[in-house]
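Asker: The file below is input-v2.txt, compact mmCIF, N, CA and C atoms:
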# COMPACT_ATOMS: atom_id res chain seq x y z
N MET R 1 -22.40 -10.99 18.50
CA MET R 1 -22.17 -12.30 17.88
C MET R 1 -21.02 -13.04 18.56
N VAL R 2 -19.85 -12.43 18.64
CA VAL R 2 -18.72 -13.11 19.26
C VAL R 2 -18.54 -12.72 20.72
N GLU R 3 -19.56 -12.09 21.30
CA GLU R 3 -19.47 -11.64 22.69
C GLU R 3 -19.33 -12.79 23.68
N ASP R 4 -19.82 -13.97 23.30
CA ASP R 4 -19.77 -15.11 24.22
C ASP R 4 -18.46 -15.88 24.15
N LEU R 5 -17.46 -15.35 23.45
CA LEU R 5 -16.16 -16.01 23.35
C LEU R 5 -15.18 -15.46 24.38
N THR R 6 -14.21 -16.29 24.75
CA THR R 6 -13.14 -15.85 25.63
C THR R 6 -12.25 -14.86 24.85
N PRO R 7 -11.40 -14.11 25.54
CA PRO R 7 -10.49 -13.19 24.82
C PRO R 7 -9.63 -13.92 23.77
N ALA R 8 -9.13 -15.11 24.11
CA ALA R 8 -8.33 -15.88 23.14
C ALA R 8 -9.21 -16.33 21.98
N GLY R 9 -10.44 -16.72 22.27
CA GLY R 9 -11.38 -17.13 21.22
C GLY R 9 -11.64 -16.00 20.25
N LYS R 10 -11.78 -14.79 20.77
CA LYS R 10 -12.00 -13.62 19.91
C LYS R 10 -10.78 -13.35 19.03
N LYS R 11 -9.58 -13.48 19.63
CA LYS R 11 -8.35 -13.26 18.86
C LYS R 11 -8.23 -14.26 17.71
N VAL R 12 -8.53 -15.53 18.01
CA VAL R 12 -8.44 -16.58 17.00
C VAL R 12 -9.52 -16.38 15.94
N TYR R 13 -10.70 -15.99 16.35
CA TYR R 13 -11.79 -15.69 15.40
C TYR R 13 -11.34 -14.58 14.44
N ASP R 14 -10.80 -13.51 15.01
CA ASP R 14 -10.32 -12.39 14.19
C ASP R 14 -9.18 -12.82 13.26
N ALA R 15 -8.30 -13.69 13.76
CA ALA R 15 -7.18 -14.17 12.94
C ALA R 15 -7.69 -14.98 11.75
N LEU R 16 -8.66 -15.87 12.00
CA LEU R 16 -9.23 -16.66 10.91
C LEU R 16 -9.89 -15.75 9.88
N LYS R 17 -10.57 -14.73 10.37
CA LYS R 17 -11.23 -13.76 9.46
C LYS R 17 -10.18 -13.02 8.63
N LYS R 18 -9.11 -12.58 9.30
CA LYS R 18 -8.03 -11.84 8.63
C LYS R 18 -7.35 -12.72 7.57
N LEU R 19 -7.21 -14.01 7.88
CA LEU R 19 -6.58 -14.94 6.93
C LEU R 19 -7.50 -15.31 5.78
N GLY R 20 -8.77 -14.92 5.87
CA GLY R 20 -9.73 -15.22 4.81
C GLY R 20 -10.22 -16.65 4.82
N SER R 21 -10.15 -17.28 5.97
CA SER R 21 -10.56 -18.69 6.09
C SER R 21 -12.05 -18.77 6.40
N THR R 22 -12.87 -18.61 5.35
CA THR R 22 -14.32 -18.57 5.55
C THR R 22 -15.06 -19.67 4.78
N SER R 23 -14.31 -20.58 4.15
CA SER R 23 -14.97 -21.67 3.43
C SER R 23 -14.06 -22.90 3.40
N LEU R 24 -14.62 -24.00 2.99
CA LEU R 24 -13.88 -25.26 2.91
C LEU R 24 -12.66 -25.14 2.00
N GLU R 25 -12.74 -24.27 1.00
CA GLU R 25 -11.64 -24.10 0.04
C GLU R 25 -10.49 -23.27 0.62
N SER R 26 -10.73 -22.59 1.74
CA SER R 26 -9.70 -21.71 2.30
C SER R 26 -9.32 -22.11 3.73
N LEU R 27 -9.13 -23.41 3.94
CA LEU R 27 -8.77 -23.92 5.27
C LEU R 27 -7.42 -23.39 5.73
N LYS R 28 -7.30 -23.17 7.03
CA LYS R 28 -6.02 -22.78 7.62
C LYS R 28 -5.70 -23.75 8.74
N THR R 29 -4.41 -24.06 8.91
CA THR R 29 -4.00 -24.97 9.99
C THR R 29 -3.90 -24.19 11.30
N ALA R 30 -3.80 -24.92 12.39
CA ALA R 30 -3.64 -24.29 13.71
C ALA R 30 -2.36 -23.46 13.74
N ASP R 31 -1.31 -23.91 13.05
CA ASP R 31 -0.05 -23.15 13.01
C ASP R 31 -0.24 -21.81 12.30
N ASP R 32 -1.00 -21.80 11.19
CA ASP R 32 -1.29 -20.55 10.48
C ASP R 32 -2.01 -19.58 11.41
N VAL R 33 -3.01 -20.11 12.10
CA VAL R 33 -3.82 -19.29 13.00
C VAL R 33 -2.98 -18.79 14.18
N MET R 34 -2.14 -19.66 14.70
CA MET R 34 -1.27 -19.31 15.83
C MET R 34 -0.39 -18.11 15.47
N ARG R 35 0.23 -18.15 14.30
CA ARG R 35 1.10 -17.05 13.86
C ARG R 35 0.29 -15.76 13.67
N ALA R 36 -0.88 -15.87 13.06
CA ALA R 36 -1.70 -14.68 12.79
C ALA R 36 -2.26 -14.07 14.08
N ALA R 37 -2.59 -14.92 15.05
CA ALA R 37 -3.18 -14.43 16.30
C ALA R 37 -2.12 -13.98 17.30
N GLY R 38 -0.89 -14.47 17.14
CA GLY R 38 0.17 -14.12 18.06
C GLY R 38 -0.02 -14.74 19.44
N LEU R 39 -0.63 -15.92 19.47
CA LEU R 39 -0.87 -16.63 20.73
C LEU R 39 -0.03 -17.90 20.80
N PRO R 40 0.24 -18.41 21.99
CA PRO R 40 0.93 -19.69 22.11
C PRO R 40 0.07 -20.82 21.52
N LYS R 41 0.74 -21.91 21.14
CA LYS R 41 0.06 -23.01 20.46
C LYS R 41 -1.07 -23.62 21.29
N GLY R 42 -0.83 -23.87 22.57
CA GLY R 42 -1.86 -24.47 23.42
C GLY R 42 -3.09 -23.59 23.54
N MET R 43 -2.87 -22.30 23.70
CA MET R 43 -3.97 -21.35 23.81
C MET R 43 -4.75 -21.28 22.49
N THR R 44 -4.01 -21.31 21.37
CA THR R 44 -4.65 -21.28 20.05
C THR R 44 -5.51 -22.52 19.86
N ASN R 45 -4.97 -23.70 20.21
CA ASN R 45 -5.74 -24.93 20.05
C ASN R 45 -6.98 -24.93 20.92
N ASN R 46 -6.87 -24.47 22.16
CA ASN R 46 -8.04 -24.38 23.04
C ASN R 46 -9.09 -23.44 22.46
N ALA R 47 -8.64 -22.31 21.93
CA ALA R 47 -9.56 -21.34 21.35
C ALA R 47 -10.22 -21.90 20.10
N LEU R 48 -9.47 -22.65 19.28
CA LEU R 48 -10.06 -23.28 18.10
C LEU R 48 -11.13 -24.29 18.50
N MET R 49 -10.86 -25.06 19.55
CA MET R 49 -11.85 -26.03 20.03
C MET R 49 -13.10 -25.31 20.56
N GLU R 50 -12.88 -24.17 21.19
CA GLU R 50 -14.02 -23.35 21.67
C GLU R 50 -14.87 -22.88 20.49
N LEU R 51 -14.21 -22.38 19.44
CA LEU R 51 -14.93 -21.91 18.25
C LEU R 51 -15.72 -23.04 17.60
N VAL R 52 -15.12 -24.22 17.53
CA VAL R 52 -15.80 -25.39 16.94
C VAL R 52 -17.00 -25.78 17.82
N ALA R 53 -16.79 -25.84 19.13
CA ALA R 53 -17.85 -26.25 20.06
C ALA R 53 -19.04 -25.29 20.03
N LYS R 54 -18.76 -24.00 19.84
CA LYS R 54 -19.84 -22.99 19.84
C LYS R 54 -20.40 -22.74 18.45
N GLY R 55 -19.90 -23.47 17.45
CA GLY R 55 -20.45 -23.37 16.10
C GLY R 55 -19.92 -22.23 15.26
N TYR R 56 -18.85 -21.57 15.70
CA TYR R 56 -18.28 -20.47 14.93
C TYR R 56 -17.34 -20.96 13.83
N ALA R 57 -16.80 -22.16 14.00
CA ALA R 57 -15.82 -22.69 13.03
C ALA R 57 -16.04 -24.18 12.85
N LYS R 58 -15.49 -24.70 11.77
CA LYS R 58 -15.51 -26.14 11.51
C LYS R 58 -14.09 -26.64 11.43
N ARG R 59 -13.89 -27.88 11.89
CA ARG R 59 -12.58 -28.54 11.81
C ARG R 59 -12.69 -29.62 10.75
N VAL R 60 -11.72 -29.67 9.85
CA VAL R 60 -11.71 -30.67 8.79
C VAL R 60 -10.42 -31.48 8.91
N ALA R 61 -10.57 -32.78 9.19
CA ALA R 61 -9.40 -33.66 9.31
C ALA R 61 -8.83 -33.92 7.93
N ARG R 62 -7.52 -33.79 7.82
CA ARG R 62 -6.82 -34.06 6.56
C ARG R 62 -5.65 -34.99 6.85
N GLN R 63 -4.90 -35.36 5.81
CA GLN R 63 -3.80 -36.31 6.01
C GLN R 63 -2.73 -35.79 6.95
N LYS R 64 -2.22 -34.58 6.72
CA LYS R 64 -1.14 -34.07 7.56
C LYS R 64 -1.68 -33.33 8.78
N ALA R 65 -2.36 -32.23 8.57
CA ALA R 65 -2.86 -31.42 9.69
C ALA R 65 -4.30 -31.03 9.43
N ALA R 66 -5.06 -30.94 10.49
CA ALA R 66 -6.46 -30.51 10.37
C ALA R 66 -6.51 -29.06 9.92
N GLY R 67 -7.58 -28.72 9.22
CA GLY R 67 -7.78 -27.35 8.79
C GLY R 67 -9.03 -26.79 9.45
N TYR R 68 -9.09 -25.48 9.56
CA TYR R 68 -10.21 -24.80 10.19
C TYR R 68 -10.71 -23.69 9.30
N TYR R 69 -12.03 -23.44 9.36
CA TYR R 69 -12.60 -22.29 8.67
C TYR R 69 -13.82 -21.79 9.43
N LEU R 70 -14.12 -20.51 9.28
CA LEU R 70 -15.25 -19.90 9.99
C LEU R 70 -16.58 -20.26 9.32
N THR R 71 -17.59 -20.46 10.14
CA THR R 71 -18.94 -20.72 9.61
C THR R 71 -19.90 -19.58 9.94
N LYS R 72 -19.51 -18.70 10.85
CA LYS R 72 -20.36 -17.54 11.21
C LYS R 72 -19.58 -16.27 11.01
As structure tokens, please, write out the structure in this file.
Answerer:
Amino acid sequence: MVEDLTPAGKKVYDALKKLGSTSLESLKTADDVMRAAGLPKGMTNNALMELVAKGYAKRVARQKAAGYYLTK
């Protein structure tokens, strides 16, 4: 399933899973994911965009910061 992701993409996917961000009600910000994954901010953002582009996650724009959650 996640075999087609980059190593950073897999780390971010696992971090979102660990944080329990699997629905619209449990959104996590890029900063939350960055801390959980232990990756630099730029790498985390690139990996989040990869997850969104490949359909593994959704991005939800909010007033302060966008939130992310897993869809697969």
Asker: Could you please write out, as a VMD selection string, every residue of region 17-70 of chain R that DSSP assigns to helix (DSSP H, G or I)?
Answerer: chain R and resid 17 to 19 24 to 26 30 to 37 41 to 53
Asker: If you measure from atom N of Thr22 (chain R) to CA of Lys72 (chain R), what distance in Å do you get, rounded to one decimal?
Answerer: 9.6 Å
Asker: Residues of chain R in strand (DSSP E) according to DSSP, as a VMD selection string?
Answerer: chain R and resid 57 to 60 67 to 70
Asker: Name the closest residue to Lys58 (chain R) among the candidates R:Asp32, R:Leu16, R:Gly38, R:Ala8; distances are taken between atoms, counting only C-alpha atoms.
Answerer: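 For Lys58 (chain R), the nearest of the candidates is R:Leu16.
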Asker: Using only N, CA and C atoms, which residues sit within 6.5 Å of Ala47 (chain R) once same-chain residues fewer than 5 positions away are excluded, as a VMD selection string?
Answerer: chain R and resid 8 to 9 12 42 52
Asker: Please indicate the distance in Å from CA of Lys18 (chain R) to CA of Ala61 (chain R), rounded to one decimal place.
Answerer: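 Between CA of Lys18 (chain R) and CA of Ala61 (chain R) the gap works out to 21.9 Å.
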Asker: Taking all atoms of region 27-33 of chain R that the file lists, what box with edges along x, y and z, padded by 8 Å per side, do you get, with centre and edge lengths in Å to one decimal, as lines of an AutoDock Vina configuration file?
Answerer:
center_x = -4.6
center_y = -21.9
center_z = 9.1
size_x = 25.1
size_y = 22.2
size_z = 26.2
